[in-house]
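First comes the structure, then the notes that go with it.
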Amino acid sequence: MPTPAITATPPATARPAARTALTRLLGDDQGAVAVTLLVTGMIVIVSAAALLGGGALFAARAHGYDLAQSAARAGAQQIDTAAYRASGVLRLDPARAAQAAKQFLAAADATGTVQVTGARITVTATSHQATPMLKPFGITDITVTSTASATPTTGPPA
């Protein structure tokens, strides 16, 4: 007597019924990929804008410090030649040094304060830098304030 074969697969009519019940339970998934891509795309765009905006902030700070350094160097070139010739002491002409530093800042569309003491000039420069990548977030520009000092030198040591 032959033994009946046991099959592990459900009948063909059971699969569509299960799939139909699952579809009714979960709902239709048409458009799910489009929504996922839209959300992912927006996250990428916002992340890129924040990354580039952060880079713009670092660049603005570097530019502000460069302005302060350059203005201080411009002022450090204004030495008191009479005192240097008479005594060999290298010191700044305070009025000319401050004027040279302020002129440099004005030419760079920046403002600032200048302090001259003996052979040292200290410049605090304030400038406004545009931030085009942060404009969608409401930040159109930032104010950068940097301080740098300089002293005059006679040249490299012999």
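If you're wondering about the labels, chains in the structure tokens are A, B, ... by order shown, residues count from 1 in each chain, ligands from 1 in order shown.
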Residues within 9 Å of stretch 58-63 of chain A, only C-alpha atoms, excluding chain neighbours under 2 positions, as a list in words: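 The residues that qualify are Gly53, Gly54, Gly55, Ala56, Tyr65, Asp66, Leu67, Ala68, Ser127, His128, Gln129, Ala130, Thr131, Ile142, Thr143, Val144, Thr145 and Ser146 of chain A.
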Go ahead and dump the residues you just picked, N, CA and C atoms, as a short mmCIF file (atom, residue, chain, number, x, y, z; two decimals), in the first residue's frame.
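So the final result, stored in out-v5.cif, reads:
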```
data_model
loop_
_atom_site.label_atom_id
_atom_site.label_comp_id
_atom_site.auth_asym_id
_atom_site.auth_seq_id
_atom_site.Cartn_x
_atom_site.Cartn_y
_atom_site.Cartn_z
N GLY A 53 28.01 76.28 5.34
CA GLY A 53 27.85 77.46 6.19
C GLY A 53 28.87 77.49 7.31
N GLY A 54 29.12 76.33 7.91
CA GLY A 54 30.15 76.25 8.95
C GLY A 54 31.52 76.57 8.39
N GLY A 55 31.78 76.12 7.17
CA GLY A 55 33.05 76.46 6.51
C GLY A 55 33.15 77.96 6.27
N ALA A 56 32.04 78.57 5.92
CA ALA A 56 32.03 80.03 5.72
C ALA A 56 32.33 80.76 7.03
N TYR A 65 40.93 87.74 11.30
CA TYR A 65 42.25 87.74 11.94
C TYR A 65 43.31 88.24 10.98
N ASP A 66 43.18 87.91 9.70
CA ASP A 66 44.11 88.40 8.70
C ASP A 66 44.04 89.92 8.59
N LEU A 67 42.83 90.47 8.66
CA LEU A 67 42.68 91.93 8.64
C LEU A 67 43.40 92.58 9.82
N ALA A 68 43.19 92.02 11.01
CA ALA A 68 43.83 92.59 12.20
C ALA A 68 45.35 92.49 12.10
N SER A 127 34.79 93.25 11.35
CA SER A 127 34.31 93.23 9.96
C SER A 127 33.04 92.40 9.88
N HIS A 128 32.32 92.59 8.80
CA HIS A 128 31.08 91.84 8.55
C HIS A 128 31.31 90.96 7.33
N GLN A 129 31.06 89.68 7.49
CA GLN A 129 31.26 88.73 6.40
C GLN A 129 29.92 88.14 5.99
N ALA A 130 29.68 88.08 4.69
CA ALA A 130 28.44 87.51 4.17
C ALA A 130 28.48 85.98 4.32
N THR A 131 27.32 85.40 4.57
CA THR A 131 27.21 83.94 4.68
C THR A 131 26.09 83.48 3.75
N ILE A 142 27.77 87.66 9.36
CA ILE A 142 28.23 87.57 10.74
C ILE A 142 29.23 88.68 10.99
N THR A 143 29.33 89.09 12.24
CA THR A 143 30.30 90.08 12.64
C THR A 143 31.48 89.36 13.27
N VAL A 144 32.66 89.66 12.76
CA VAL A 144 33.88 89.02 13.23
C VAL A 144 34.76 90.09 13.86
N THR A 145 35.21 89.82 15.08
CA THR A 145 36.14 90.72 15.78
C THR A 145 37.39 89.94 16.13
N SER A 146 38.53 90.45 15.68
CA SER A 146 39.81 89.78 15.92
C SER A 146 40.84 90.79 16.38
#
```
All alpha helix (DSSP H) residues (DSSP, backbone) inside stretch 8-121 of chain A, as a PyMOL selection string: chain A and resi 14-26+32-76+81-87+94-107
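Computed from the coordinates, the atom CA of A:Leu37 to atom CA of A:Gly138 distance equals 26.1 Å.
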Counting only C-alpha atoms, the residue of A:Thr117, A:Thr111, A:Gln77, A:Ser70 that sits nearest A:Thr153: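 Using only C-alpha atoms, A:Thr153 sits closest to A:Gln77.
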Which of A:Thr113, A:Pro152, A:Met42, A:Ala50 sits closest to A:Asp80 [using only C-alpha atoms]: A:Pro152
Computed interatomic separation between atom CA of A:Ser87 and atom CA of A:Val123 (Å): 27.1 Å
